[in-house]
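Student: This one is my_file-v1.cif, mmCIF, C-alpha atoms and all ligand atoms.
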```cif
data_query
#
loop_
_atom_site.group_PDB
_atom_site.id
_atom_site.type_symbol
_atom_site.label_atom_id
_atom_site.label_comp_id
_atom_site.auth_asym_id
_atom_site.auth_seq_id
_atom_site.Cartn_x
_atom_site.Cartn_y
_atom_site.Cartn_z
ATOM 1 C CA MET A 193 40.105 13.609 -13.487
ATOM 2 C CA VAL A 194 38.207 11.990 -16.314
ATOM 3 C CA ALA A 195 39.056 8.584 -14.907
ATOM 4 C CA ASP A 196 37.769 9.692 -11.489
ATOM 5 C CA ARG A 197 34.538 10.923 -12.966
ATOM 6 C CA ARG A 198 34.077 7.664 -14.873
ATOM 7 C CA ALA A 199 34.663 5.727 -11.660
ATOM 8 C CA GLU A 200 32.087 7.890 -9.902
ATOM 9 C CA GLU A 201 29.595 7.361 -12.711
ATOM 10 C CA ARG A 202 30.165 3.643 -12.613
ATOM 11 C CA GLU A 203 29.667 3.582 -8.852
ATOM 12 C CA ALA A 204 26.491 5.667 -9.141
ATOM 13 C CA GLU A 205 25.205 3.343 -11.840
ATOM 14 C CA ALA A 206 26.014 0.273 -9.726
ATOM 15 C CA GLY A 207 24.271 1.872 -6.749
ATOM 16 C CA LEU A 208 21.199 2.576 -8.837
ATOM 17 C CA HIS A 209 21.258 -0.974 -10.101
ATOM 18 C CA ARG A 210 21.512 -2.307 -6.553
ATOM 19 C CA ALA A 211 18.683 -0.077 -5.407
ATOM 20 C CA ASN A 212 16.518 -1.187 -8.309
ATOM 21 C CA ASN A 213 17.269 -4.812 -7.616
ATOM 22 C CA THR A 214 16.379 -4.413 -3.965
ATOM 23 C CA ASN A 215 13.115 -2.754 -4.889
ATOM 24 C CA VAL A 216 12.278 -5.404 -7.431
ATOM 25 C CA SER A 217 12.938 -8.254 -5.026
ATOM 26 C CA ARG A 218 11.036 -6.494 -2.254
ATOM 27 C CA ILE A 219 8.010 -6.017 -4.479
ATOM 28 C CA LYS A 220 8.260 -9.621 -5.608
ATOM 29 C CA VAL A 221 8.454 -10.930 -2.046
ATOM 30 C CA GLN A 222 5.609 -8.739 -0.844
ATOM 31 C CA GLU A 223 3.431 -10.038 -3.671
ATOM 32 C CA GLN A 224 4.021 -13.579 -2.421
ATOM 33 C CA THR A 225 1.022 -14.413 -0.323
ATOM 34 C CA ASP A 226 0.708 -17.902 1.046
ATOM 35 C CA MET A 227 -1.415 -19.595 -1.531
ATOM 36 C CA ILE A 228 -1.365 -22.897 0.347
ATOM 37 C CA GLU A 229 -1.719 -22.936 4.110
ATOM 38 C CA ILE A 230 -1.875 -26.291 5.872
ATOM 39 C CA GLU A 231 -2.258 -26.448 9.634
ATOM 40 C CA ASN A 232 -1.985 -29.581 11.734
ATOM 41 C CA VAL A 233 -3.431 -31.729 8.973
ATOM 42 C CA LYS A 234 -4.032 -35.368 9.818
ATOM 43 C CA LYS A 235 -5.277 -38.068 7.498
ATOM 44 C CA ILE A 236 -6.337 -41.374 8.943
ATOM 45 C CA TYR A 237 -7.441 -44.172 6.644
ATOM 46 C CA THR A 238 -9.703 -46.750 8.236
ATOM 47 C CA MET A 239 -9.224 -50.290 6.982
ATOM 48 C CA GLY A 240 -11.867 -52.387 8.709
ATOM 49 C CA SER A 241 -10.964 -52.072 12.374
ATOM 50 C CA VAL A 242 -7.432 -50.805 11.656
ATOM 51 C CA GLU A 243 -6.607 -47.127 11.500
ATOM 52 C CA VAL A 244 -3.704 -46.098 9.261
ATOM 53 C CA PRO A 245 -2.354 -42.660 10.133
ATOM 54 C CA ALA A 246 -1.037 -41.455 6.739
ATOM 55 C CA LEU A 247 -0.543 -37.834 7.863
ATOM 56 C CA ALA A 248 0.134 -37.165 11.528
ATOM 57 C CA GLY A 249 -0.116 -33.359 11.838
ATOM 58 C CA VAL A 250 1.410 -31.554 8.882
ATOM 59 C CA ASN A 251 2.062 -27.802 8.875
ATOM 60 C CA LEU A 252 3.045 -26.247 5.575
ATOM 61 C CA SER A 253 2.842 -22.903 3.776
ATOM 62 C CA ILE A 254 3.588 -22.553 0.099
ATOM 63 C CA ALA A 255 3.627 -19.176 -1.606
ATOM 64 C CA GLN A 256 2.427 -18.553 -5.121
ATOM 65 C CA GLY A 257 5.131 -19.199 -7.691
ATOM 66 C CA GLU A 258 7.280 -21.550 -5.620
ATOM 67 C CA ILE A 259 8.826 -24.755 -6.932
ATOM 68 C CA VAL A 260 8.895 -27.361 -4.174
ATOM 69 C CA ALA A 261 10.156 -30.939 -4.080
ATOM 70 C CA ILE A 262 8.697 -33.402 -1.571
ATOM 71 C CA MET A 263 10.905 -36.356 -0.660
ATOM 72 C CA GLY A 264 10.622 -39.245 1.793
ATOM 73 C CA ALA A 265 10.572 -43.016 2.071
ATOM 74 C CA SER A 266 7.771 -45.116 0.637
ATOM 75 C CA GLY A 267 4.682 -44.862 2.836
ATOM 76 C CA SER A 268 5.758 -41.580 4.464
ATOM 77 C CA GLY A 269 2.606 -39.796 3.260
ATOM 78 C CA LYS A 270 3.769 -37.898 0.159
ATOM 79 C CA SER A 271 0.923 -38.956 -2.136
ATOM 80 C CA THR A 272 -1.616 -38.515 0.646
ATOM 81 C CA LEU A 273 -0.406 -34.940 1.076
ATOM 82 C CA MET A 274 -0.496 -34.363 -2.699
ATOM 83 C CA ASN A 275 -4.077 -35.679 -2.861
ATOM 84 C CA ILE A 276 -5.098 -33.204 -0.196
ATOM 85 C CA LEU A 277 -3.189 -30.345 -1.842
ATOM 86 C CA GLY A 278 -4.913 -31.215 -5.118
ATOM 87 C CA CYS A 279 -8.390 -31.273 -3.512
ATOM 88 C CA LEU A 280 -8.816 -34.935 -4.428
ATOM 89 C CA ASP A 281 -9.205 -35.739 -0.755
ATOM 90 C CA VAL A 282 -9.886 -33.803 2.443
ATOM 91 C CA PRO A 283 -8.078 -34.014 5.789
ATOM 92 C CA THR A 284 -9.490 -36.064 8.661
ATOM 93 C CA SER A 285 -8.643 -33.085 10.873
ATOM 94 C CA GLY A 286 -6.728 -29.828 10.637
ATOM 95 C CA THR A 287 -7.216 -27.085 8.063
ATOM 96 C CA TYR A 288 -6.249 -26.559 4.454
ATOM 97 C CA THR A 289 -6.689 -23.075 3.078
ATOM 98 C CA LEU A 290 -6.147 -22.521 -0.634
ATOM 99 C CA ASP A 291 -6.189 -18.931 -1.882
ATOM 100 C CA GLY A 292 -8.010 -17.964 1.302
ATOM 101 C CA GLU A 293 -10.717 -20.629 0.944
ATOM 102 C CA ASP A 294 -11.213 -23.286 3.625
ATOM 103 C CA ILE A 295 -11.039 -26.514 1.637
ATOM 104 C CA GLY A 296 -12.078 -28.788 4.506
ATOM 105 C CA SER A 297 -15.529 -27.261 4.829
ATOM 106 C CA THR A 298 -16.419 -27.004 1.174
ATOM 107 C CA THR A 299 -18.791 -29.154 -0.884
ATOM 108 C CA ASP A 300 -17.741 -31.905 -3.296
ATOM 109 C CA SER A 301 -18.933 -29.901 -6.279
ATOM 110 C CA ARG A 302 -16.940 -26.862 -5.154
ATOM 111 C CA LEU A 303 -13.878 -29.121 -4.687
ATOM 112 C CA ALA A 304 -14.311 -30.359 -8.258
ATOM 113 C CA GLU A 305 -14.588 -26.778 -9.478
ATOM 114 C CA ILE A 306 -11.391 -25.762 -7.657
ATOM 115 C CA ARG A 307 -9.551 -28.765 -9.106
ATOM 116 C CA ASN A 308 -10.799 -27.948 -12.543
ATOM 117 C CA ARG A 309 -9.899 -24.273 -12.412
ATOM 118 C CA LYS A 310 -6.725 -24.151 -10.379
ATOM 119 C CA ILE A 311 -4.898 -27.453 -10.362
ATOM 120 C CA GLY A 312 -3.097 -29.545 -12.947
ATOM 121 C CA PHE A 313 -1.984 -33.123 -12.201
ATOM 122 C CA VAL A 314 0.945 -35.009 -13.687
ATOM 123 C CA PHE A 315 1.159 -38.744 -12.932
ATOM 124 C CA GLN A 316 4.055 -41.183 -12.743
ATOM 125 C CA THR A 317 2.376 -43.533 -15.224
ATOM 126 C CA TYR A 318 1.095 -40.697 -17.476
ATOM 127 C CA ASN A 319 -2.541 -41.971 -17.387
ATOM 128 C CA LEU A 320 -3.114 -41.366 -21.093
ATOM 129 C CA LEU A 321 -5.862 -43.103 -23.067
ATOM 130 C CA PRO A 322 -3.934 -45.538 -25.281
ATOM 131 C CA ARG A 323 -6.199 -45.658 -28.340
ATOM 132 C CA ILE A 324 -6.449 -41.969 -29.126
ATOM 133 C CA SER A 325 -3.858 -39.459 -30.331
ATOM 134 C CA ALA A 326 -1.796 -37.167 -28.129
ATOM 135 C CA LEU A 327 -3.901 -34.275 -29.390
ATOM 136 C CA ASN A 328 -7.180 -35.988 -28.480
ATOM 137 C CA ASN A 329 -5.807 -36.926 -25.054
ATOM 138 C CA VAL A 330 -5.061 -33.279 -24.349
ATOM 139 C CA GLU A 331 -8.313 -32.047 -25.872
ATOM 140 C CA LEU A 332 -10.274 -34.424 -23.672
ATOM 141 C CA ALA A 333 -9.214 -32.431 -20.614
ATOM 142 C CA LEU A 334 -11.284 -29.559 -22.021
ATOM 143 C CA MET A 335 -14.446 -31.578 -22.651
ATOM 144 C CA TYR A 336 -16.120 -30.393 -19.483
ATOM 145 C CA GLY A 337 -16.879 -26.737 -19.173
ATOM 146 C CA ASN A 338 -17.374 -24.073 -21.738
ATOM 147 C CA HIS A 339 -14.078 -24.067 -23.564
ATOM 148 C CA ARG A 340 -13.766 -22.383 -26.893
ATOM 149 C CA ASN A 341 -11.150 -23.411 -29.453
ATOM 150 C CA ARG A 342 -10.447 -26.720 -27.770
ATOM 151 C CA ARG A 343 -8.367 -28.001 -30.669
ATOM 152 C CA ARG A 344 -6.222 -24.866 -30.884
ATOM 153 C CA THR A 345 -5.689 -24.740 -27.086
ATOM 154 C CA ALA A 346 -4.613 -28.394 -27.055
ATOM 155 C CA GLN A 347 -2.249 -27.810 -29.979
ATOM 156 C CA GLU A 348 -0.670 -24.844 -28.200
ATOM 157 C CA ALA A 349 -0.143 -26.878 -25.024
ATOM 158 C CA LEU A 350 1.557 -29.650 -27.014
ATOM 159 C CA GLU A 351 3.723 -27.075 -28.795
ATOM 160 C CA ARG A 352 4.698 -25.678 -25.409
ATOM 161 C CA VAL A 353 6.119 -29.050 -24.346
ATOM 162 C CA GLY A 354 7.944 -29.533 -27.647
ATOM 163 C CA LEU A 355 5.573 -32.047 -29.246
ATOM 164 C CA ALA A 356 4.385 -30.073 -32.281
ATOM 165 C CA ASP A 357 5.520 -32.912 -34.553
ATOM 166 C CA ARG A 358 3.982 -35.755 -32.530
ATOM 167 C CA MET A 359 0.393 -34.616 -32.001
ATOM 168 C CA ARG A 360 -1.174 -37.317 -34.159
ATOM 169 C CA HIS A 361 0.767 -40.136 -32.494
ATOM 170 C CA LYS A 362 -0.952 -42.462 -30.069
ATOM 171 C CA PRO A 363 0.707 -42.994 -26.669
ATOM 172 C CA THR A 364 2.041 -46.398 -27.797
ATOM 173 C CA GLU A 365 3.837 -44.600 -30.634
ATOM 174 C CA LEU A 366 5.627 -42.260 -28.226
ATOM 175 C CA SER A 367 8.594 -42.697 -25.875
ATOM 176 C CA GLY A 368 8.049 -42.534 -22.113
ATOM 177 C CA GLY A 369 9.426 -38.993 -21.977
ATOM 178 C CA GLN A 370 7.145 -37.925 -24.827
ATOM 179 C CA GLN A 371 4.140 -39.530 -23.127
ATOM 180 C CA GLN A 372 4.947 -37.610 -19.974
ATOM 181 C CA ARG A 373 5.147 -34.417 -22.015
ATOM 182 C CA VAL A 374 1.623 -35.167 -23.291
ATOM 183 C CA GLY A 375 0.662 -35.617 -19.634
ATOM 184 C CA ILE A 376 2.064 -32.179 -18.842
ATOM 185 C CA ALA A 377 0.304 -30.618 -21.859
ATOM 186 C CA ARG A 378 -2.971 -32.156 -20.641
ATOM 187 C CA ALA A 379 -2.395 -30.575 -17.220
ATOM 188 C CA LEU A 380 -1.583 -27.220 -18.845
ATOM 189 C CA VAL A 381 -4.590 -26.721 -21.104
ATOM 190 C CA LYS A 382 -6.736 -25.365 -18.327
ATOM 191 C CA SER A 383 -4.087 -22.805 -17.293
ATOM 192 C CA PRO A 384 -3.708 -24.075 -13.723
ATOM 193 C CA GLU A 385 -2.059 -21.940 -11.071
ATOM 194 C CA ILE A 386 -0.637 -25.053 -9.390
ATOM 195 C CA LEU A 387 0.942 -28.079 -11.037
ATOM 196 C CA LEU A 388 1.146 -31.189 -8.846
ATOM 197 C CA ALA A 389 3.457 -33.918 -10.105
ATOM 198 C CA ASP A 390 3.682 -37.181 -8.130
ATOM 199 C CA GLU A 391 6.955 -38.841 -9.212
ATOM 200 C CA PRO A 392 6.748 -37.499 -12.777
ATOM 201 C CA THR A 393 10.149 -38.935 -13.683
ATOM 202 C CA GLY A 394 9.778 -42.204 -11.756
ATOM 203 C CA ASN A 395 9.332 -44.326 -14.906
ATOM 204 C CA LEU A 396 11.868 -42.485 -17.051
ATOM 205 C CA ASP A 397 15.564 -42.845 -17.826
ATOM 206 C CA SER A 398 17.703 -40.020 -16.498
ATOM 207 C CA ARG A 399 17.880 -38.110 -19.784
ATOM 208 C CA SER A 400 14.106 -38.077 -20.311
ATOM 209 C CA GLY A 401 13.712 -37.249 -16.625
ATOM 210 C CA GLU A 402 15.994 -34.276 -17.084
ATOM 211 C CA GLU A 403 13.920 -33.060 -20.051
ATOM 212 C CA ILE A 404 10.742 -33.290 -17.986
ATOM 213 C CA MET A 405 12.410 -31.326 -15.183
ATOM 214 C CA GLN A 406 13.473 -28.655 -17.664
ATOM 215 C CA ILE A 407 9.872 -28.288 -18.813
ATOM 216 C CA LEU A 408 8.598 -28.090 -15.213
ATOM 217 C CA GLY A 409 11.333 -25.523 -14.456
ATOM 218 C CA GLN A 410 10.254 -23.495 -17.489
ATOM 219 C CA LEU A 411 6.597 -23.559 -16.390
ATOM 220 C CA HIS A 412 7.669 -22.438 -12.931
ATOM 221 C CA SER A 413 9.594 -19.500 -14.431
ATOM 222 C CA GLU A 414 6.395 -18.558 -16.273
ATOM 223 C CA GLY A 415 4.664 -18.201 -12.895
ATOM 224 C CA ILE A 416 3.026 -21.576 -12.237
ATOM 225 C CA SER A 417 3.539 -23.021 -8.755
ATOM 226 C CA VAL A 418 5.067 -26.481 -9.100
ATOM 227 C CA ILE A 419 5.071 -29.209 -6.443
ATOM 228 C CA ILE A 420 6.944 -32.405 -7.288
ATOM 229 C CA VAL A 421 7.164 -35.644 -5.325
ATOM 230 C CA THR A 422 10.400 -37.435 -6.081
ATOM 231 C CA HIS A 423 12.693 -40.142 -4.740
ATOM 232 C CA GLU A 424 15.643 -38.792 -6.703
ATOM 233 C CA ALA A 425 17.981 -36.300 -5.076
ATOM 234 C CA ASP A 426 19.186 -34.895 -8.414
ATOM 235 C CA ILE A 427 15.586 -34.131 -9.361
ATOM 236 C CA ALA A 428 14.953 -32.504 -5.987
ATOM 237 C CA VAL A 429 17.922 -30.140 -6.302
ATOM 238 C CA ARG A 430 16.199 -28.542 -9.284
ATOM 239 C CA ALA A 431 13.586 -27.197 -6.870
ATOM 240 C CA SER A 432 14.327 -24.108 -4.822
ATOM 241 C CA ARG A 433 12.763 -25.708 -1.761
ATOM 242 C CA VAL A 434 12.967 -29.316 -0.596
ATOM 243 C CA ILE A 435 10.649 -30.825 2.007
ATOM 244 C CA SER A 436 11.294 -34.242 3.571
ATOM 245 C CA MET A 437 8.608 -36.412 5.099
ATOM 246 C CA ARG A 438 8.795 -39.298 7.520
ATOM 247 C CA ASP A 439 5.936 -41.238 9.126
ATOM 248 C CA GLY A 440 3.313 -38.729 8.060
ATOM 249 C CA LEU A 441 5.218 -35.659 9.225
ATOM 250 C CA ILE A 442 7.435 -33.029 7.639
ATOM 251 C CA VAL A 443 10.849 -33.586 9.200
ATOM 252 C CA SER A 444 12.808 -30.982 7.253
ATOM 253 C CA ASP A 445 12.096 -27.993 5.049
ATOM 254 C CA SER A 446 14.931 -26.187 3.289
ATOM 255 C CA SER A 447 12.990 -22.949 3.451
ATOM 256 C CA GLY A 448 12.909 -21.916 7.088
ATOM 257 C CA LEU A 449 11.833 -18.416 6.103
ATOM 258 C CA THR A 450 8.316 -17.205 5.608
ATOM 259 C CA ALA A 451 7.540 -14.580 2.971
ATOM 260 C CA GLY A 452 7.142 -12.063 5.806
ATOM 261 C CA GLU A 453 10.589 -12.798 7.202
ATOM 262 C CA LEU A 454 12.080 -12.475 3.722
ATOM 263 C CA THR A 455 10.574 -9.005 3.417
ATOM 264 C CA VAL A 456 12.220 -7.948 6.662
ATOM 265 C CA GLN A 457 15.580 -9.231 5.449
ATOM 266 C CA HIS A 458 15.623 -7.216 2.236
HETATM 267 N N1 LIG A 501 -6.545 -45.317 0.308
HETATM 268 C C1 LIG A 501 -5.814 -45.777 1.336
HETATM 269 N N2 LIG A 501 -6.364 -46.577 2.260
HETATM 270 C C2 LIG A 501 -5.659 -47.031 3.314
HETATM 271 N N3 LIG A 501 -4.372 -46.711 3.557
HETATM 272 C C3 LIG A 501 -3.763 -45.907 2.666
HETATM 273 C C4 LIG A 501 -4.455 -45.401 1.512
HETATM 274 N N4 LIG A 501 -3.584 -44.619 0.819
HETATM 275 C C5 LIG A 501 -2.429 -44.657 1.499
HETATM 276 N N5 LIG A 501 -2.518 -45.416 2.601
HETATM 277 C C6 LIG A 501 -1.467 -45.656 3.606
HETATM 278 O O1 LIG A 501 -1.035 -44.374 4.056
HETATM 279 C C7 LIG A 501 0.369 -44.331 4.199
HETATM 280 C C8 LIG A 501 0.942 -43.220 3.314
HETATM 281 O O2 LIG A 501 0.762 -43.590 1.950
HETATM 282 P P1 LIG A 501 1.226 -42.676 0.740
HETATM 283 O O3 LIG A 501 0.682 -43.281 -0.502
HETATM 284 O O4 LIG A 501 0.847 -41.288 1.019
HETATM 285 O O5 LIG A 501 2.815 -42.826 0.807
HETATM 286 P P2 LIG A 501 3.947 -42.291 -0.189
HETATM 287 O O6 LIG A 501 4.903 -41.492 0.616
HETATM 288 O O7 LIG A 501 3.311 -41.629 -1.365
HETATM 289 O O8 LIG A 501 4.662 -43.644 -0.641
HETATM 290 P P3 LIG A 501 5.335 -44.048 -2.069
HETATM 291 O O9 LIG A 501 6.676 -43.389 -2.091
HETATM 292 O O10 LIG A 501 5.447 -45.546 -1.981
HETATM 293 O O11 LIG A 501 4.424 -43.601 -3.166
HETATM 294 C C9 LIG A 501 0.866 -45.720 3.855
HETATM 295 O O12 LIG A 501 1.043 -46.434 5.044
HETATM 296 C C10 LIG A 501 -0.247 -46.313 3.034
HETATM 297 O O13 LIG A 501 -0.287 -47.694 3.157
HETATM 298 MG MG MG A 502 3.224 -42.064 -3.421
#
```
For this file, write the structure as structure tokens.
Ligand SMILES: Nc1ncnc2c1ncn2[C@@H]1O[C@H](COP(=O)(O)OP(=O)(O)OP(=O)(O)O)[C@@H](O)[C@H]1O
Ligand SMILES: [Mg+2]
Tutor:
Amino acid sequence: MVADRRAEEREAEAGLHRANNTNVSRIKVQEQTDMIEIENVKKIYTMGSVEVPALAGVNLSIAQGEIVAIMGASGSGKSTLMNILGCLDVPTSGTYTLDGEDIGSTTDSRLAEIRNRKIGFVFQTYNLLPRISALNNVELALMYGNHRNRRRTAQEALERVGLADRMRHKPTELSGGQQQRVGIARALVKSPEILLADEPTGNLDSRSGEEIMQILGQLHSEGISVIIVTHEADIAVRASRVISMRDGLIVSDSSGLTAGELTVQH
């Protein structure tokens, strides 16, 4: 009898657990609104009399908090898409809506403001100033705008990427992986909601690349949306969603489900 009751209690507990889990995931999914909404985006570069179609009609939705890898051959349009996502460039046609705002019809100064407030960039070649320390490189990202405690904020960002003991080093006194971590800290200081990384591990050996991916994975688990361009399949598998591009188009997307469809499934 006692054993039966224990079994019943266990089952009830498991049921409760399942119910809680379902509720949690439902709430989580319903909170996911499409932060990025790209519809039929084309980008045509004009080189003299030649038109280069870099994006040929891209459709893409990315929800807040996703981690997405973008793959594809050289010249397939990955960086062009990242530049548009990061508000560094605008589409030739089609629409890009970010957090409900139509990016295509906004002014240059508003674009700069959105970049500054919402988006962090990580580059393949780090783009650090060589003659100043890691700390100063990160602090520099806070020069514009009304930031208080610049030094402290920069220190915290460097601590977050595991460089507490290298802050006074110049880039030339750091390994490639450490330089990239400075690059990530610089992107982090402004608390972006989206981190865009165009081949962040492209210049690194596989171990340093793995460390960078761990940091990006950690930032994603803290709620930042992360979009990574990569040529490496083992980097891409770290993302929960992989998009492939060819000739300016998305040819596959591992997430066929929209947030709405996910809600129905649960
Ligand atoms: N500023 C530009 N002016 C003219 N053409 C450009 C410009 N930027 C990119 N392109 C062209 O647009 C196409 C897409 O380029 P993009 O840089 O987006 O490719 P990618 O997928 O990032 O390639 P890679 O893997 O080599 O970085 C290419 O044909 C490229 O030559
Ligand atoms: Mg590129």
Student: Quick one: of A:Ser367, A:Asn341, A:Thr317, A:Asn328, who's nearest to ligand MG 502 (chain A), counting only C-alpha atoms and all ligand atoms?
Tutor: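 Result for the nearest residue to ligand MG 502 (chain A): A:Thr317.
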Student: Taking all atoms listed in the file into account, name the residue in A:Leu277, A:Val381, A:Ile404, A:Ala248 that is nearest to A:Leu290.
Tutor: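 Ranking A:Leu277, A:Val381, A:Ile404, A:Ala248 by distance to A:Leu290, first place goes to A:Leu277.
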Student: Just to confirm, what's the straight-line distance from atom CA of A:Met239 to atom N3 of ligand LIG 501 (chain A) in Å (one decimal)?
Tutor: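 Separation between atom CA of A:Met239 and atom N3 of ligand LIG 501 (chain A): 6.9 Å.
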Student: Nearest to A:Ala379: which of A:Ile420, A:Val242, A:Ala304, A:Leu334 is it, counting all atoms listed in the file?
Tutor: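 Closest to A:Ala379, using all atoms listed in the file: A:Leu334.
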Student: Residues picked by the PyMOL selection byres (((not hetatm)) within 9 of (chain A and resi 501)) here, as a PyMOL selection string?
Tutor: chain A and resi 235-239+243-247+263-275+390-391+421-423+437-440
Student: List the residues sitting within 10 Å of (-9.2, -34.7, -6.8) in the file's frame, using all atoms listed in the file, as a VMD selection string.
Tutor: chain A and resid 274 to 282 300 303 to 308 311 313
Student: Using all atoms listed in the file, which protein or nucleic acid residues come within 10 Å of A:Asn319? Drop anything in the same chain fewer than 2 positions from it, and give the result as a list in words.
Tutor: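 After dropping sequence-adjacent residues, the list is Val314, Phe315, Gln316, Thr317, Leu321, Pro322, Asn329, Pro363, Gln371, Gln372, Val374 and Gly375 of chain A.
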Student: For A:Met405, find every residue with an atom within 10 Å (counting only C-alpha atoms), except residues of its own chain fewer than 5 positions away, and show them as a list in words.
Tutor: Pro392, Thr393, Arg399, Ser400, Gln410, Leu411, Ile420, Ile427, Ala428, Arg430 and Ala431 of chain A
Student: Between atom CA of A:Gly394 and atom CA of A:Lys234, what distance in Å does the model show, to one decimal?
Tutor: 26.5 Å
